[in-house]
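Single-structure report; data block below.
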Number of protein chains: 2
Amino acid sequence: MEQTQNIGSFLINAGIRPSFQRIKIYEYLIIRKNHPTVEMIYKDLNSYIPTLSKTTVYNTLKLFVDKGITQIITIEDNETRYDPDISTHGHFKCTNCGKIFDFSFDNKNLNIKQIENFEIKQTHLYIKGICENCKRKIIIK
Amino acid sequence: MEQTQNIGSFLINAGIRPSFQRIKIYEYLIIRKNHPTVEMIYKDLNSYIPTLSKTTVYNTLKLFVDKGITQIITIEDNETRYDPDISTHGHFKCTNCGKIFDFSFDNKNLNIKQIENFEIKQTHLYIKGICENCKRKIIIK
DNA sequence: TCCATATCTGTAATCATTTCAATTGTAAAA
DNA sequence: TTTTACAATTGAAATGATTACAGATATGGA
Ligand SMILES: [Mn+2]
Ligand SMILES: [Mn+2]
Ligand SMILES: [Zn+2]
Ligand SMILES: [Zn+2]
């Protein structure tokens with residue numbers, strides 16, 4: 001609730017007018033940390049903001065990405081996900097439970113020969129597999 | 001042309017009946033090395049195989065992926081691309097010319113934290129930026 | 001308050017992908 | 001060789017995600 005104040009000024013700082021919908025969508029990203037799809041955001045917020053339009057969710061996320069306060073995560077080709085953490089970090093998707101985990105990695109000492117003279121703007125590392133929790137469950141079965 | 005023989009037996013080996021369309025699509029992937037979209041494959045092959053259906057391209061790529069002889073590359077959320085090189089390797093996409101470059105990297109150098117006990121099945125490293133060629137062109141302007 | 005502009009909304013259009021049923025091709029049995 | 005069963009291909013229709021658009025609503029300053 002009081003978060004609204006912080007988020008409001010954060011959006012202003014990013015050059016975004018802090019409308020009610022924009023604040024709630026950004027707040028959703030920050031609080032849930034779930035790398036959601038548009039559908040997830042829309043469904044979850046719709047119970048709280050019944051007048052919300054899915055178009056607004058699309059528009060708002062596009063704005064966030066354009067203004068550089070959100071990044072697109074494309075681990076699967078059939079679902080676009082969004083992440084308010086714009087730092088370079090990795091994503092692990094569990095193919096069993098579907099959860100997405102953040103992790104850190106070094107990209108400094110990669111010194112890749114084939115693209116030495118290329119100008120790097122974004123680095124995305126995606127790993128798929130089985131999370132620790134699911135591994136345990138599967139062993140028990 | 002004589003490739004057909006090799007590709008045919010390669011497909012058989014992978015448990016895939018080597019139909020004319022399947023051979024041509026796999027041959028396309030191998031020869032072009034362009035990480036194409038379905039649309040690219042369809043358009044390029046259609047002039048050579050006028051009866052080709054886009055559905056066949058979809059079906060065939062799905063089959064290749066299921067049988068493990070092709071991997072899906074999702075650098076952008078709005079274009080699914082295909083790669084017959086199923087080894088773990090990185091992809092660089094130039095945001096200027098759109099070209100996709102392969103590069104090799106060593107997982108060990110990534111020094112990944114937080115997912116030590118997770119079971120890794122696939123690793124995808126995608127980098128976006130400007131390729132060497134485009135960098136030169138842009139400087140000249 | 002009033003006005004100009006930005007934002008939001010719902011619907012329609014677009015585009016990629018999947019589903020489906022009919023047709024065609026293939027490979028082995030008769 | 002002909003028949004037969006099954007696999008692959010095809011094109012049309014359905015689905016689902018995203019975008020375009022135009023009208024309604026909200027906002028902030030004169
Ligand atoms: Mn993240
Ligand atoms: Mn590749
Ligand atoms: Zn899991
Ligand atoms: Zn380039």
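We name chains A, B, ... following the order of the structure tokens; residues begin at 1 in each chain, and ligands are numbered from 1 as shown.
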
Exercise answer, chain C residues close to chain A, 12 Å and only C-alpha atoms (C1' of nucleotides), as number ranges by chain: C: 6-11, 16-17

Closest contacts (chain D/chain B, max 8 Å, only C-alpha atoms (C1' of nucleotides)) as a Markdown table:
| residue | atom | partner | partner_atom | distance |
| --- | --- | --- | --- | --- |
| D:DA8 | C1' | B:Ser19 | CA | 8.0 |
| D:DT9 | C1' | B:Thr56 | CA | 6.6 |
| D:DT10 | C1' | B:Ser53 | CA | 6.0 |
| D:DG11 | C1' | B:Ser53 | CA | 7.7 |

Spatial neighbours of stretch 96-103 of chain B, 7 Å, only C-alpha atoms (C1' of nucleotides), chain gap at least 6 places, as a ChimeraX atom specification: /A:114 /B:89-90,130,134

Go ahead and write the selection's residues with all heavy atoms as a PDB file, in the first residue's frame.
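Saved file out.pdb follows:
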ATOM      1  N   GLN A 114      34.679 -16.055 -31.228  1.00  0.00           N
ATOM      2  CA  GLN A 114      33.924 -15.802 -32.463  1.00  0.00           C
ATOM      3  C   GLN A 114      33.261 -14.426 -32.529  1.00  0.00           C
ATOM      4  O   GLN A 114      32.932 -13.954 -33.597  1.00  0.00           O
ATOM      5  CB  GLN A 114      32.857 -16.875 -32.664  1.00  0.00           C
ATOM      6  CG  GLN A 114      33.414 -18.239 -33.026  1.00  0.00           C
ATOM      7  CD  GLN A 114      33.372 -19.191 -31.840  1.00  0.00           C
ATOM      8  OE1 GLN A 114      33.560 -18.771 -30.702  1.00  0.00           O
ATOM      9  NE2 GLN A 114      33.128 -20.456 -32.107  1.00  0.00           N
TER      10      GLN A 114
ATOM     11  N   HIS B  89      25.664 -24.397 -27.650  1.00  0.00           N
ATOM     12  CA  HIS B  89      26.489 -23.293 -28.171  1.00  0.00           C
ATOM     13  C   HIS B  89      25.674 -22.010 -28.107  1.00  0.00           C
ATOM     14  O   HIS B  89      24.454 -22.045 -27.977  1.00  0.00           O
ATOM     15  CB  HIS B  89      26.966 -23.584 -29.595  1.00  0.00           C
ATOM     16  CG  HIS B  89      25.879 -23.693 -30.607  1.00  0.00           C
ATOM     17  ND1 HIS B  89      25.061 -24.794 -30.726  1.00  0.00           N
ATOM     18  CD2 HIS B  89      25.462 -22.835 -31.560  1.00  0.00           C
ATOM     19  CE1 HIS B  89      24.199 -24.610 -31.700  1.00  0.00           C
ATOM     20  NE2 HIS B  89      24.411 -23.414 -32.231  1.00  0.00           N
ATOM     21  N   GLY B  90      26.363 -20.880 -28.158  1.00  0.00           N
ATOM     22  CA  GLY B  90      25.685 -19.603 -28.007  1.00  0.00           C
ATOM     23  C   GLY B  90      25.245 -18.991 -29.329  1.00  0.00           C
ATOM     24  O   GLY B  90      25.729 -19.384 -30.389  1.00  0.00           O
ATOM     25  N   ILE B 130      25.573  -5.500 -31.861  1.00  0.00           N
ATOM     26  CA  ILE B 130      25.909  -5.113 -33.234  1.00  0.00           C
ATOM     27  C   ILE B 130      27.088  -5.951 -33.715  1.00  0.00           C
ATOM     28  O   ILE B 130      28.116  -5.985 -33.039  1.00  0.00           O
ATOM     29  CB  ILE B 130      26.292  -3.614 -33.311  1.00  0.00           C
ATOM     30  CG1 ILE B 130      25.229  -2.726 -32.654  1.00  0.00           C
ATOM     31  CG2 ILE B 130      26.527  -3.194 -34.760  1.00  0.00           C
ATOM     32  CD1 ILE B 130      23.946  -2.601 -33.415  1.00  0.00           C
ATOM     33  N   CYS B 134      28.391  -4.596 -39.222  1.00  0.00           N
ATOM     34  CA  CYS B 134      27.491  -3.445 -39.063  1.00  0.00           C
ATOM     35  C   CYS B 134      28.164  -2.312 -38.294  1.00  0.00           C
ATOM     36  O   CYS B 134      27.907  -1.134 -38.558  1.00  0.00           O
ATOM     37  CB  CYS B 134      26.212  -3.865 -38.355  1.00  0.00           C
ATOM     38  SG  CYS B 134      25.111  -4.836 -39.415  1.00  0.00           S
TER      39      CYS B 134
END

Contact residues (chain B, partner chain A, 10 Å, only C-alpha atoms) as a PyMOL selection string: chain B and resi 72-81+90-95+101-135

DSSP strand (DSSP E) residues within stretch 35-115 of chain B, as a ChimeraX atom specification: /B:71-76,79-83,90-94,100-103

Atom CA of A:Phe64 to atom CA of A:Ile23, straight-line distance in Å: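 Going from atom CA of A:Ile23 over to atom CA of A:Phe64 covers 11.1 Å.
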
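Chains of identical sequence, chain A and chain B give a C-alpha root-mean-square deviation of 0.6 Å after superposition over all matched alpha carbons.
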
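We find atom CA of A:Ile16 and atom CA of A:Thr37 to be spaced 21.4 Å apart.
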
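Reported to one decimal place, the separation of atom CA of B:Asp66 from atom CA of B:Pro36 is 17.8 Å.
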
Stretch 6-86 of chain A: residues DSSP assigns to helix (DSSP H, G or I), reported as a VMD selection string: chain A and resid 6 to 13 20 to 32 38 to 46 54 to 66

Residue neighbourhood D:DT4, 12 Å, only C-alpha atoms (C1' of nucleotides), exclusion window fewer than 6 positions, as a ChimeraX atom specification: /C:26-30

Residue selection dump (N, CA and C atoms (P, O5', C5', C4', C3', O3' and C1' of nucleotides)) as a short mmCIF file (atom, residue, chain, number, x, y, z; two decimals), in the first residue's frame:
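Okay, this is what ended up in part30.cif:
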data_model
loop_
_atom_site.label_atom_id
_atom_site.label_comp_id
_atom_site.auth_asym_id
_atom_site.auth_seq_id
_atom_site.Cartn_x
_atom_site.Cartn_y
_atom_site.Cartn_z
P DT C 26 6.21 -41.78 -52.77
"O5'" DT C 26 5.95 -42.98 -51.78
"C5'" DT C 26 5.91 -42.72 -50.36
"C4'" DT C 26 6.07 -44.03 -49.64
"C3'" DT C 26 6.90 -45.05 -50.41
"O3'" DT C 26 7.98 -45.49 -49.60
"C1'" DT C 26 4.70 -45.93 -49.87
P DA C 27 8.52 -46.88 -49.46
"O5'" DA C 27 7.46 -47.30 -48.34
"C5'" DA C 27 7.82 -47.96 -47.12
"C4'" DA C 27 7.19 -49.34 -47.13
"C3'" DA C 27 8.05 -50.39 -47.84
"O3'" DA C 27 8.03 -51.54 -47.02
"C1'" DA C 27 5.88 -50.42 -48.73
P DA C 28 8.84 -52.84 -47.31
"O5'" DA C 28 8.08 -53.92 -46.41
"C5'" DA C 28 6.99 -53.54 -45.59
"C4'" DA C 28 5.78 -54.40 -45.91
"C3'" DA C 28 6.12 -55.84 -46.31
"O3'" DA C 28 5.23 -56.71 -45.64
"C1'" DA C 28 4.72 -54.88 -47.93
P DA C 29 5.29 -58.29 -45.78
"O5'" DA C 29 3.82 -58.65 -46.25
"C5'" DA C 29 2.68 -58.14 -45.53
"C4'" DA C 29 1.41 -58.55 -46.26
"C3'" DA C 29 1.34 -60.04 -46.58
"O3'" DA C 29 -0.01 -60.46 -46.46
"C1'" DA C 29 1.33 -58.80 -48.60
P DA C 30 -0.42 -61.97 -46.71
"O5'" DA C 30 -1.07 -61.88 -48.17
"C5'" DA C 30 -2.26 -61.11 -48.37
"C4'" DA C 30 -2.66 -61.21 -49.83
"C3'" DA C 30 -2.79 -62.65 -50.34
"O3'" DA C 30 -3.97 -62.77 -51.13
"C1'" DA C 30 -1.28 -61.44 -51.70
#

Residue neighbourhood D:DA20, 9 Å, only C-alpha atoms (C1' of nucleotides), exclusion window fewer than 5 positions, as a list in words: DA12, DA13 and DT14 of chain C

Limited to C-alpha atoms (C1' of nucleotides), could you put the picked residues into a file as an mmCIF file, in the first residue's frame?
data_model
loop_
_atom_site.group_PDB
_atom_site.id
_atom_site.type_symbol
_atom_site.label_atom_id
_atom_site.label_comp_id
_atom_site.auth_asym_id
_atom_site.auth_seq_id
_atom_site.Cartn_x
_atom_site.Cartn_y
_atom_site.Cartn_z
ATOM 1 C "C1'" DA C 12 -11.800 -5.797 -34.620
ATOM 2 C "C1'" DA C 13 -7.806 -7.054 -37.373
ATOM 3 C "C1'" DT C 14 -3.609 -9.520 -37.897
#
